[in-house]
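Here the structure is laid out as structure tokens; the discussion comes afterwards.
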Amino acid sequence: MDAFRCHPNPAEALAWGAYPYDSDPAGTAIRPLARPFAANGRVTRGDRAWLAGSLALSTPEARAAYLRDAPEFELAGAPATDLYERTE
């Protein structure tokens, strides 16, 4: 499970990343569990709940852009929260 959660392959990320995720108890913020990062502009985690899945879905350029500037607590596995800056 740890390998899947932390290092999914693109097919796993595509299948499981499509699962609906909602961090809002009122059910108003439904998003896919993972979605790819864009390579242009400021690359931030935003509200991506499954970071490893999002990275697996991203292009090598977008992955590198995110990893270059990502806060250490995100890379350590901190979950997404509604406190993240919304840029998408």
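Following the order of the structure tokens, first chain is A, next is B, and so on, with residues numbered from 1 inside each chain and ligands from 1 in the order they appear.
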Inset, instruction - Using only C-alpha atoms, determine which residues lie at most 10 Å from region 58-64 of chain A, disregarding the query and same-chain residues fewer than 2 positions distant; provide the list as a VMD selection string. - result: chain A and resid 10 35 to 41 43 52 to 56 66 to 70
Inset, instruction - Name all residues at most 10 Å from region 18-28 of chain A (count only C-alpha atoms; drop same-chain ones fewer than 4 positions away) and give them as a ChimeraX atom specification. - result: /A:12-14,32-35,47-50,53,80-82
Legend entry - Which residue of A:Pro71, A:Ala65, A:Gly46, A:Phe4 approaches Trp16 (chain A) most closely, using only C-alpha atoms: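 The closest residue to Trp16 (chain A) is A:Phe4.
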Inset, instruction - as a PyMOL selection string, please: all residues of chain A that backbone DSSP puts in alpha helix (DSSP H). - result: chain A and resi 2-6+10-17+51-57+60-69+72-75
